[in-house]
Every structure is written in structure tokens, then in C-alpha cells.
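**Q** File name start_3.txt; file contents compact mmCIF, N, CA and C atoms; full text below.
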# COMPACT_ATOMS: atom_id res chain seq x y z
N ILE A 11 0.82 -1.20 0.00
CA ILE A 11 0.00 0.00 0.00
C ILE A 11 0.87 1.26 0.00
N VAL A 12 1.91 1.30 0.81
CA VAL A 12 2.72 2.52 0.90
C VAL A 12 3.99 2.45 0.05
N ALA A 13 4.21 1.37 -0.66
CA ALA A 13 5.43 1.21 -1.45
C ALA A 13 5.62 2.35 -2.45
N HIS A 14 4.55 2.83 -3.02
CA HIS A 14 4.66 3.91 -4.01
C HIS A 14 5.08 5.24 -3.37
N LEU A 15 5.02 5.35 -2.05
CA LEU A 15 5.44 6.56 -1.35
C LEU A 15 6.94 6.57 -1.05
N ASN A 16 7.56 5.40 -1.11
CA ASN A 16 8.98 5.29 -0.78
C ASN A 16 9.83 5.80 -1.93
N ASP A 17 10.73 6.72 -1.65
CA ASP A 17 11.67 7.24 -2.64
C ASP A 17 12.98 6.47 -2.48
N GLN A 18 13.39 5.76 -3.49
CA GLN A 18 14.57 4.89 -3.41
C GLN A 18 15.84 5.66 -3.09
N LEU A 19 16.04 6.82 -3.69
CA LEU A 19 17.24 7.61 -3.42
C LEU A 19 17.27 8.06 -1.96
N THR A 20 16.16 8.54 -1.47
CA THR A 20 16.09 8.96 -0.07
C THR A 20 16.38 7.79 0.86
N ALA A 21 15.83 6.64 0.55
CA ALA A 21 16.06 5.45 1.37
C ALA A 21 17.54 5.08 1.38
N ARG A 22 18.21 5.15 0.21
CA ARG A 22 19.66 4.86 0.15
C ARG A 22 20.45 5.85 0.99
N CYS A 23 20.13 7.13 0.85
CA CYS A 23 20.86 8.17 1.60
C CYS A 23 20.68 7.99 3.10
N VAL A 24 19.47 7.79 3.55
CA VAL A 24 19.20 7.59 4.97
C VAL A 24 19.89 6.33 5.47
N GLY A 25 19.90 5.29 4.68
CA GLY A 25 20.58 4.06 5.06
C GLY A 25 22.07 4.27 5.26
N VAL A 26 22.69 5.05 4.39
CA VAL A 26 24.12 5.35 4.52
C VAL A 26 24.37 6.21 5.76
N GLU A 27 23.53 7.20 6.00
CA GLU A 27 23.69 8.06 7.18
C GLU A 27 23.60 7.22 8.46
N ARG A 28 22.65 6.33 8.52
CA ARG A 28 22.48 5.46 9.70
C ARG A 28 23.64 4.48 9.84
N ALA A 29 24.13 3.97 8.72
CA ALA A 29 25.26 3.04 8.76
C ALA A 29 26.51 3.72 9.32
N PHE A 30 26.71 4.97 8.99
CA PHE A 30 27.84 5.75 9.52
C PHE A 30 27.75 5.84 11.03
N ALA A 31 26.60 6.26 11.55
CA ALA A 31 26.42 6.40 13.00
C ALA A 31 26.55 5.06 13.70
N ARG A 32 25.99 4.02 13.11
CA ARG A 32 26.07 2.68 13.69
C ARG A 32 27.52 2.20 13.73
N ARG A 33 28.26 2.45 12.67
CA ARG A 33 29.67 2.01 12.60
C ARG A 33 30.51 2.70 13.68
N LEU A 34 30.16 3.94 14.01
CA LEU A 34 30.87 4.64 15.08
C LEU A 34 30.41 4.20 16.46
N GLY A 35 29.32 3.45 16.53
CA GLY A 35 28.78 3.04 17.82
C GLY A 35 28.07 4.19 18.52
N ALA A 36 27.62 5.16 17.75
CA ALA A 36 26.99 6.35 18.31
C ALA A 36 25.57 6.06 18.78
N GLU A 37 25.19 6.76 19.83
CA GLU A 37 23.84 6.68 20.35
C GLU A 37 23.10 7.97 20.01
N CYS A 38 21.80 7.94 20.14
CA CYS A 38 20.97 9.09 19.74
C CYS A 38 21.30 10.38 20.48
N SER A 39 21.81 10.27 21.69
CA SER A 39 22.09 11.46 22.49
C SER A 39 23.48 12.04 22.24
N GLN A 40 24.26 11.42 21.37
CA GLN A 40 25.62 11.89 21.12
C GLN A 40 25.67 12.82 19.91
N PRO A 41 26.61 13.77 19.93
CA PRO A 41 26.73 14.74 18.84
C PRO A 41 27.39 14.15 17.60
N VAL A 42 26.59 13.45 16.82
CA VAL A 42 27.04 12.83 15.57
C VAL A 42 26.04 13.22 14.49
N GLY A 43 26.56 13.60 13.34
CA GLY A 43 25.67 13.95 12.24
C GLY A 43 26.18 13.38 10.94
N ALA A 44 25.26 13.13 10.03
CA ALA A 44 25.62 12.65 8.70
C ALA A 44 24.57 13.14 7.72
N PHE A 45 25.04 13.47 6.51
CA PHE A 45 24.13 13.93 5.46
C PHE A 45 24.64 13.40 4.14
N ALA A 46 23.84 12.58 3.49
CA ALA A 46 24.23 11.97 2.22
C ALA A 46 23.39 12.54 1.08
N THR A 47 24.06 12.79 -0.05
CA THR A 47 23.39 13.22 -1.26
C THR A 47 24.00 12.47 -2.44
N GLU A 48 23.21 12.33 -3.49
CA GLU A 48 23.73 11.67 -4.69
C GLU A 48 24.41 12.71 -5.56
N VAL A 49 25.66 12.45 -5.96
CA VAL A 49 26.40 13.39 -6.81
C VAL A 49 26.42 12.94 -8.26
N SER A 50 26.26 11.66 -8.50
CA SER A 50 26.10 11.11 -9.84
C SER A 50 25.48 9.73 -9.69
N ALA A 51 25.16 9.12 -10.78
CA ALA A 51 24.46 7.83 -10.73
C ALA A 51 25.22 6.82 -9.88
N GLY A 52 24.62 6.45 -8.74
CA GLY A 52 25.21 5.45 -7.86
C GLY A 52 26.31 5.93 -6.95
N VAL A 53 26.66 7.21 -7.02
CA VAL A 53 27.74 7.75 -6.18
C VAL A 53 27.14 8.75 -5.19
N LEU A 54 27.40 8.49 -3.89
CA LEU A 54 26.89 9.38 -2.85
C LEU A 54 28.02 10.19 -2.25
N ASP A 55 27.70 11.40 -1.84
CA ASP A 55 28.60 12.25 -1.05
C ASP A 55 28.08 12.19 0.37
N LEU A 56 28.93 11.78 1.31
CA LEU A 56 28.54 11.68 2.71
C LEU A 56 29.35 12.68 3.52
N GLN A 57 28.65 13.61 4.14
CA GLN A 57 29.26 14.59 5.05
C GLN A 57 29.06 14.07 6.46
N GLY A 58 30.13 14.03 7.25
CA GLY A 58 30.03 13.53 8.60
C GLY A 58 30.54 14.52 9.62
N PHE A 59 30.04 14.40 10.85
CA PHE A 59 30.39 15.30 11.94
C PHE A 59 30.34 14.53 13.25
N VAL A 60 31.36 14.74 14.08
CA VAL A 60 31.39 14.18 15.44
C VAL A 60 31.99 15.25 16.34
N ALA A 61 31.45 15.39 17.54
CA ALA A 61 31.98 16.35 18.50
C ALA A 61 32.00 15.73 19.89
N ASP A 62 32.74 16.39 20.79
CA ASP A 62 32.68 15.96 22.18
C ASP A 62 31.39 16.52 22.78
N ALA A 63 31.11 16.19 24.01
CA ALA A 63 29.85 16.58 24.65
C ALA A 63 29.65 18.09 24.73
N THR A 64 30.72 18.86 24.79
CA THR A 64 30.60 20.32 24.88
C THR A 64 30.59 20.99 23.52
N GLY A 65 30.99 20.27 22.48
CA GLY A 65 31.08 20.85 21.14
C GLY A 65 32.39 21.58 20.89
N ALA A 66 33.28 21.58 21.89
CA ALA A 66 34.54 22.30 21.76
C ALA A 66 35.49 21.61 20.77
N ARG A 67 35.48 20.29 20.77
CA ARG A 67 36.33 19.54 19.83
C ARG A 67 35.44 18.86 18.81
N GLN A 68 35.77 19.05 17.54
CA GLN A 68 34.94 18.53 16.46
C GLN A 68 35.79 17.89 15.37
N ILE A 69 35.19 16.95 14.69
CA ILE A 69 35.79 16.35 13.50
C ILE A 69 34.74 16.42 12.40
N ARG A 70 35.17 16.89 11.23
CA ARG A 70 34.30 16.94 10.06
C ARG A 70 35.05 16.31 8.89
N ARG A 71 34.38 15.48 8.16
CA ARG A 71 34.98 14.83 7.00
C ARG A 71 33.88 14.60 5.96
N SER A 72 34.30 14.40 4.74
CA SER A 72 33.37 14.01 3.69
C SER A 72 34.06 12.97 2.81
N ALA A 73 33.24 12.15 2.17
CA ALA A 73 33.75 11.12 1.28
C ALA A 73 32.70 10.84 0.22
N GLN A 74 33.16 10.39 -0.91
CA GLN A 74 32.25 10.01 -1.99
C GLN A 74 32.49 8.55 -2.36
N GLY A 75 31.42 7.87 -2.68
CA GLY A 75 31.55 6.48 -3.09
C GLY A 75 30.20 5.82 -3.23
N ALA A 76 30.24 4.55 -3.54
CA ALA A 76 29.02 3.76 -3.67
C ALA A 76 28.36 3.62 -2.30
N ALA A 77 27.04 3.50 -2.31
CA ALA A 77 26.27 3.44 -1.06
C ALA A 77 26.73 2.31 -0.15
N ASP A 78 27.19 1.21 -0.71
CA ASP A 78 27.56 0.07 0.12
C ASP A 78 28.93 0.18 0.75
N VAL A 79 29.71 1.21 0.42
CA VAL A 79 31.06 1.33 0.99
C VAL A 79 31.38 2.69 1.63
N VAL A 80 30.65 3.72 1.25
CA VAL A 80 31.05 5.07 1.69
C VAL A 80 30.91 5.27 3.20
N ALA A 81 29.94 4.65 3.85
CA ALA A 81 29.79 4.81 5.30
C ALA A 81 30.98 4.20 6.03
N ASP A 82 31.40 3.02 5.62
CA ASP A 82 32.57 2.39 6.25
C ASP A 82 33.83 3.20 5.98
N GLN A 83 33.96 3.70 4.77
CA GLN A 83 35.13 4.49 4.39
C GLN A 83 35.29 5.72 5.28
N ILE A 84 34.22 6.48 5.43
CA ILE A 84 34.32 7.70 6.22
C ILE A 84 34.39 7.39 7.72
N ALA A 85 33.73 6.33 8.16
CA ALA A 85 33.83 5.94 9.57
C ALA A 85 35.27 5.58 9.93
N ASP A 86 35.96 4.89 9.03
CA ASP A 86 37.37 4.58 9.27
C ASP A 86 38.20 5.85 9.41
N GLU A 87 37.92 6.86 8.58
CA GLU A 87 38.62 8.14 8.68
C GLU A 87 38.34 8.80 10.03
N PHE A 88 37.10 8.76 10.46
CA PHE A 88 36.74 9.35 11.75
C PHE A 88 37.43 8.64 12.91
N MET A 89 37.44 7.32 12.86
CA MET A 89 38.10 6.58 13.94
C MET A 89 39.59 6.90 13.97
N GLY A 90 40.20 7.01 12.82
CA GLY A 90 41.62 7.36 12.77
C GLY A 90 41.90 8.78 13.25
N ALA A 91 40.89 9.65 13.18
CA ALA A 91 41.04 11.04 13.62
C ALA A 91 40.65 11.24 15.08
N GLY A 92 40.27 10.16 15.79
CA GLY A 92 39.97 10.27 17.21
C GLY A 92 38.51 10.37 17.59
N ALA A 93 37.60 9.96 16.71
CA ALA A 93 36.17 10.08 17.00
C ALA A 93 35.76 9.29 18.25
N GLU A 94 36.36 8.13 18.45
CA GLU A 94 35.99 7.31 19.61
C GLU A 94 36.25 8.07 20.91
N ALA A 95 37.40 8.75 20.99
CA ALA A 95 37.72 9.52 22.19
C ALA A 95 36.72 10.66 22.40
N LEU A 96 36.30 11.31 21.31
CA LEU A 96 35.33 12.39 21.45
C LEU A 96 33.99 11.86 21.94
N LEU A 97 33.56 10.74 21.39
CA LEU A 97 32.26 10.18 21.78
C LEU A 97 32.26 9.65 23.21
N ASN A 98 33.42 9.30 23.72
CA ASN A 98 33.50 8.78 25.09
C ASN A 98 33.91 9.84 26.11
N SER A 99 33.99 11.08 25.67
CA SER A 99 34.41 12.14 26.61
C SER A 99 33.22 12.78 27.30
Let me see whether you can do it: turn the structure in this file into C-alpha cells.

**A**
Amino acid sequence: IVAHLNDQLTARCVGVERAFARRLGAECSQPVGAFATEVSAGVLDLQGFVADATGARQIRRSAQGAADVVADQIADEFMGAGAEALLNS
């Protein structure tokens, strides 16, 4: 009944945004953000953000790639930049 209301591109983008947060182990109350958009056929741009609880320390990164890999790619960059320490502070 509601299948015709589902937008496939939006579903892919939201799925990538959620995969990024899940890969970081982020919870709903933590300062983590993600925004995905399609830049060309099958290629998404994912903007990511992580901060400490006060917002004083922040990490921002972006990456482009296929929906099935871009969340892991950018999450690896965040972990290498110290995102885990920010989320646990």
C-alpha cells in the first residue's frame, strides 16, 4: 500500500547516514551527524560530523563512493582522527 510513497534515493541516503552512525557506535544522544546526497548515478557524497559533549572539539569529513562502501570508508577516517575519544568524553 505505501510502497509507491517510498523514494529509493532517499532510502539509500538515509541508510548510509544510519550506517555511519552505527559504525561509530553512536547513540541518539551523542553529537554525531551525517548527510548523504547523490552526486552522480550510484555515487553518494557523505558529510560527517562528530563532537565531544561540549562541542569544543569537532571532526568533520566528507567522502564520496558507492552506497555500500562510503559509510565504512568515512567511519574509518573518523576513527583514525579520534572520534571514539570524542564520543567517550

**Q** So which bits of chain A end up helix (DSSP H, G or I) when you DSSP the backbone, as a VMD selection string?

**A** chain A and resid 13 to 15 18 to 34 80 to 90 93 to 97

**Q** Using only C-alpha atoms, which residue out of A:Gly52, A:Ser39, A:Arg33, A:Ala44 lies closest to Ser72 in chain A?

**A**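 Using only C-alpha atoms, Ser72 in chain A sits closest to A:Ala44.
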
**Q** Name the closest residue to Ala63 in chain A among the candidates A:Ala21, A:Val12, A:Ala95, A:Val49; distances are taken between atoms, counting only C-alpha atoms.

**A**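 Nearest to Ala63 in chain A: A:Ala95.
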
**Q** Report, in Å to a single decimal, how far apart CA of Ala61 in chain A and CA of Leu19 in chain A are.

**A**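 About the pair CA of Leu19 in chain A and CA of Ala61 in chain A: they are 27.8 Å apart.
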
**Q** Nearest to Val60 in chain A among A:Leu97, A:Gly35, A:Gln83, A:Glu48, with distances taken over only N, CA and C atoms: which residue is it?

**A** A:Leu97

**Q** Can you list, as a compact mmCIF listing (two decimals) with N, CA and C atoms, in the coordinates of the input, every protein, DNA or RNA residue that comes within 6.5 Å of Gly58 in chain A when you count all atoms listed in the file, leaving out same-chain residues fewer than 2 positions away?

**A**
# COMPACT_ATOMS: atom_id res chain seq x y z
N GLY A 43 26.56 13.60 13.34
CA GLY A 43 25.67 13.95 12.24
C GLY A 43 26.18 13.38 10.94
N ALA A 44 25.26 13.13 10.03
CA ALA A 44 25.62 12.65 8.70
C ALA A 44 24.57 13.14 7.72
N PHE A 45 25.04 13.47 6.51
CA PHE A 45 24.13 13.93 5.46
C PHE A 45 24.64 13.40 4.14
N LEU A 56 28.93 11.78 1.31
CA LEU A 56 28.54 11.68 2.71
C LEU A 56 29.35 12.68 3.52
N VAL A 60 31.36 14.74 14.08
CA VAL A 60 31.39 14.18 15.44
C VAL A 60 31.99 15.25 16.34
N ILE A 69 35.19 16.95 14.69
CA ILE A 69 35.79 16.35 13.50
C ILE A 69 34.74 16.42 12.40
N ARG A 70 35.17 16.89 11.23
CA ARG A 70 34.30 16.94 10.06
C ARG A 70 35.05 16.31 8.89
N ARG A 71 34.38 15.48 8.16
CA ARG A 71 34.98 14.83 7.00
C ARG A 71 33.88 14.60 5.96
N SER A 72 34.30 14.40 4.74
CA SER A 72 33.37 14.01 3.69
C SER A 72 34.06 12.97 2.81
N ALA A 73 33.24 12.15 2.17
CA ALA A 73 33.75 11.12 1.28
C ALA A 73 32.70 10.84 0.22

**Q** Which residue out of A:Ala46, A:Leu34, A:Ile11, A:Ala51 has the minimum interatomic distance to Gly92 in chain A when only C-alpha atoms are used?

**A** A:Leu34

**Q** Which residue is closest to Gly65 in chain A? Choose from A:Glu94, A:Pro41, A:Arg28, A:Phe88 and count all atoms listed in the file.

**A**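 Ranked by minimum distance to Gly65 in chain A, first place goes to A:Pro41.
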
**Q** In Å to one decimal, how far is CA of Ile84 in chain A from atom N of Leu54 in chain A?

**A** 12.3 Å

**Q** Give the centre and edge lengths of an axis-aligned box, in Å to one decimal, that holds all listed atoms of range 31-36 of chain A with 8 Å on each side, as lines of an AutoDock Vina configuration file.

**A**
center_x = 28.2
center_y = 4.2
center_z = 15.2
size_x = 21.3
size_y = 20.4
size_z = 23.2

**Q** Mind pulling up the distance from CA of Gly75 in chain A to CA of Ala93 in chain A?

**A** 20.9 Å

**Q** Counting only C-alpha atoms, which of A:Gln57, A:Ser50, A:Thr20, A:Thr64 gets nearest to Leu96 in chain A?

**A**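 Counting only C-alpha atoms, the residue closest to Leu96 in chain A is A:Thr64.
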
**Q** Where does DSSP see strand (DSSP E or B) in chain A, if you list the residues as a list in words?

**A**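 Those residues are Val42, Gly43, Ala44, Phe45, Ala46, Thr47, Glu48, Val49, Ser50, Val53, Leu54, Asp55, Leu56, Gln57, Gly58, Phe59, Val60, Ala61, Gln68, Ile69, Arg70, Arg71, Ser72, Ala73, Gln74, Gly75 and Ala76 of chain A.
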
**Q** Give me the residues within 8 Å of Val26 in chain A as a list in words, counting only C-alpha atoms and dropping any in the same chain fewer than 4 places off.

**A**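 Residues near the query, excluding close chain neighbours: Arg22, Phe30, Ala46, Leu56, Ala77, Asp78, Val80 and Ala81 of chain A.
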
**Q** With all heavy atoms as the goal, would you fill in the gaps in range 22-33 of chain A and present it as a PDB file, keeping the file's coordinate frame?

**A**
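Output file out-v1.pdb follows:
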ATOM      1  N   ARG A  22      18.210   5.150   0.210  1.00  0.00           N
ATOM      2  CA  ARG A  22      19.660   4.860   0.150  1.00  0.00           C
ATOM      3  C   ARG A  22      20.450   5.850   0.990  1.00  0.00           C
ATOM      4  O   ARG A  22      21.347   5.470   1.733  1.00  0.00           O
ATOM      5  CB  ARG A  22      20.145   4.897  -1.296  1.00  0.00           C
ATOM      6  CG  ARG A  22      20.217   3.569  -1.961  1.00  0.00           C
ATOM      7  CD  ARG A  22      21.007   3.590  -3.258  1.00  0.00           C
ATOM      8  NE  ARG A  22      20.795   4.715  -4.137  1.00  0.00           N
ATOM      9  CZ  ARG A  22      19.794   4.833  -5.008  1.00  0.00           C
ATOM     10  NH1 ARG A  22      18.891   3.893  -5.099  1.00  0.00           N
ATOM     11  NH2 ARG A  22      19.700   5.889  -5.774  1.00  0.00           N
ATOM     12  N   CYS A  23      20.130   7.130   0.850  1.00  0.00           N
ATOM     13  CA  CYS A  23      20.860   8.170   1.600  1.00  0.00           C
ATOM     14  C   CYS A  23      20.680   7.990   3.100  1.00  0.00           C
ATOM     15  O   CYS A  23      21.656   8.042   3.861  1.00  0.00           O
ATOM     16  CB  CYS A  23      20.407   9.556   1.155  1.00  0.00           C
ATOM     17  SG  CYS A  23      20.951  10.024  -0.503  1.00  0.00           S
ATOM     18  N   VAL A  24      19.470   7.790   3.550  1.00  0.00           N
ATOM     19  CA  VAL A  24      19.200   7.590   4.970  1.00  0.00           C
ATOM     20  C   VAL A  24      19.890   6.330   5.470  1.00  0.00           C
ATOM     21  O   VAL A  24      20.452   6.305   6.578  1.00  0.00           O
ATOM     22  CB  VAL A  24      17.683   7.548   5.251  1.00  0.00           C
ATOM     23  CG1 VAL A  24      17.386   7.093   6.666  1.00  0.00           C
ATOM     24  CG2 VAL A  24      17.074   8.913   4.990  1.00  0.00           C
ATOM     25  N   GLY A  25      19.900   5.290   4.680  1.00  0.00           N
ATOM     26  CA  GLY A  25      20.580   4.060   5.060  1.00  0.00           C
ATOM     27  C   GLY A  25      22.070   4.270   5.260  1.00  0.00           C
ATOM     28  O   GLY A  25      22.664   3.746   6.214  1.00  0.00           O
ATOM     29  N   VAL A  26      22.690   5.050   4.390  1.00  0.00           N
ATOM     30  CA  VAL A  26      24.120   5.350   4.520  1.00  0.00           C
ATOM     31  C   VAL A  26      24.370   6.210   5.760  1.00  0.00           C
ATOM     32  O   VAL A  26      25.338   5.982   6.494  1.00  0.00           O
ATOM     33  CB  VAL A  26      24.643   6.040   3.235  1.00  0.00           C
ATOM     34  CG1 VAL A  26      26.009   6.647   3.440  1.00  0.00           C
ATOM     35  CG2 VAL A  26      24.673   5.043   2.090  1.00  0.00           C
ATOM     36  N   GLU A  27      23.530   7.200   6.000  1.00  0.00           N
ATOM     37  CA  GLU A  27      23.690   8.060   7.180  1.00  0.00           C
ATOM     38  C   GLU A  27      23.600   7.220   8.460  1.00  0.00           C
ATOM     39  O   GLU A  27      24.412   7.387   9.380  1.00  0.00           O
ATOM     40  CB  GLU A  27      22.604   9.146   7.168  1.00  0.00           C
ATOM     41  CG  GLU A  27      22.757  10.132   6.037  1.00  0.00           C
ATOM     42  CD  GLU A  27      21.500  10.941   5.764  1.00  0.00           C
ATOM     43  OE1 GLU A  27      20.465  10.727   6.448  1.00  0.00           O
ATOM     44  OE2 GLU A  27      21.544  11.772   4.857  1.00  0.00           O
ATOM     45  N   ARG A  28      22.650   6.330   8.520  1.00  0.00           N
ATOM     46  CA  ARG A  28      22.480   5.460   9.700  1.00  0.00           C
ATOM     47  C   ARG A  28      23.640   4.480   9.840  1.00  0.00           C
ATOM     48  O   ARG A  28      24.078   4.196  10.960  1.00  0.00           O
ATOM     49  CB  ARG A  28      21.154   4.729   9.623  1.00  0.00           C
ATOM     50  CG  ARG A  28      19.976   5.643   9.813  1.00  0.00           C
ATOM     51  CD  ARG A  28      18.682   4.903   9.696  1.00  0.00           C
ATOM     52  NE  ARG A  28      17.558   5.816   9.908  1.00  0.00           N
ATOM     53  CZ  ARG A  28      16.298   5.485   9.714  1.00  0.00           C
ATOM     54  NH1 ARG A  28      15.988   4.246   9.330  1.00  0.00           N
ATOM     55  NH2 ARG A  28      15.347   6.354   9.911  1.00  0.00           N
ATOM     56  N   ALA A  29      24.130   3.970   8.720  1.00  0.00           N
ATOM     57  CA  ALA A  29      25.260   3.040   8.760  1.00  0.00           C
ATOM     58  C   ALA A  29      26.510   3.720   9.320  1.00  0.00           C
ATOM     59  O   ALA A  29      27.272   3.118  10.078  1.00  0.00           O
ATOM     60  CB  ALA A  29      25.544   2.484   7.370  1.00  0.00           C
ATOM     61  N   PHE A  30      26.710   4.970   8.990  1.00  0.00           N
ATOM     62  CA  PHE A  30      27.840   5.750   9.520  1.00  0.00           C
ATOM     63  C   PHE A  30      27.750   5.840  11.030  1.00  0.00           C
ATOM     64  O   PHE A  30      28.699   5.525  11.754  1.00  0.00           O
ATOM     65  CB  PHE A  30      27.860   7.138   8.877  1.00  0.00           C
ATOM     66  CG  PHE A  30      28.761   8.116   9.560  1.00  0.00           C
ATOM     67  CD1 PHE A  30      30.138   7.993   9.465  1.00  0.00           C
ATOM     68  CD2 PHE A  30      28.247   9.176  10.280  1.00  0.00           C
ATOM     69  CE1 PHE A  30      30.984   8.904  10.088  1.00  0.00           C
ATOM     70  CE2 PHE A  30      29.073  10.091  10.895  1.00  0.00           C
ATOM     71  CZ  PHE A  30      30.450   9.950  10.805  1.00  0.00           C
ATOM     72  N   ALA A  31      26.600   6.260  11.550  1.00  0.00           N
ATOM     73  CA  ALA A  31      26.420   6.400  13.000  1.00  0.00           C
ATOM     74  C   ALA A  31      26.550   5.060  13.700  1.00  0.00           C
ATOM     75  O   ALA A  31      27.197   4.953  14.752  1.00  0.00           O
ATOM     76  CB  ALA A  31      25.066   7.030  13.299  1.00  0.00           C
ATOM     77  N   ARG A  32      25.990   4.020  13.110  1.00  0.00           N
ATOM     78  CA  ARG A  32      26.070   2.680  13.690  1.00  0.00           C
ATOM     79  C   ARG A  32      27.520   2.200  13.730  1.00  0.00           C
ATOM     80  O   ARG A  32      27.964   1.625  14.714  1.00  0.00           O
ATOM     81  CB  ARG A  32      25.193   1.727  12.866  1.00  0.00           C
ATOM     82  CG  ARG A  32      24.991   0.372  13.457  1.00  0.00           C
ATOM     83  CD  ARG A  32      23.938  -0.458  12.717  1.00  0.00           C
ATOM     84  NE  ARG A  32      23.987  -0.373  11.265  1.00  0.00           N
ATOM     85  CZ  ARG A  32      23.081   0.282  10.506  1.00  0.00           C
ATOM     86  NH1 ARG A  32      22.067   0.904  11.073  1.00  0.00           N
ATOM     87  NH2 ARG A  32      23.196   0.298   9.200  1.00  0.00           N
ATOM     88  N   ARG A  33      28.260   2.450  12.670  1.00  0.00           N
ATOM     89  CA  ARG A  33      29.670   2.010  12.600  1.00  0.00           C
ATOM     90  C   ARG A  33      30.510   2.700  13.680  1.00  0.00           C
ATOM     91  O   ARG A  33      31.445   2.114  14.211  1.00  0.00           O
ATOM     92  CB  ARG A  33      30.222   2.307  11.212  1.00  0.00           C
ATOM     93  CG  ARG A  33      31.663   2.000  11.021  1.00  0.00           C
ATOM     94  CD  ARG A  33      31.915   0.499  10.872  1.00  0.00           C
ATOM     95  NE  ARG A  33      33.326   0.201  10.976  1.00  0.00           N
ATOM     96  CZ  ARG A  33      34.221   0.449  10.035  1.00  0.00           C
ATOM     97  NH1 ARG A  33      33.865   0.996   8.896  1.00  0.00           N
ATOM     98  NH2 ARG A  33      35.486   0.154  10.232  1.00  0.00           N
TER      99      ARG A  33
END
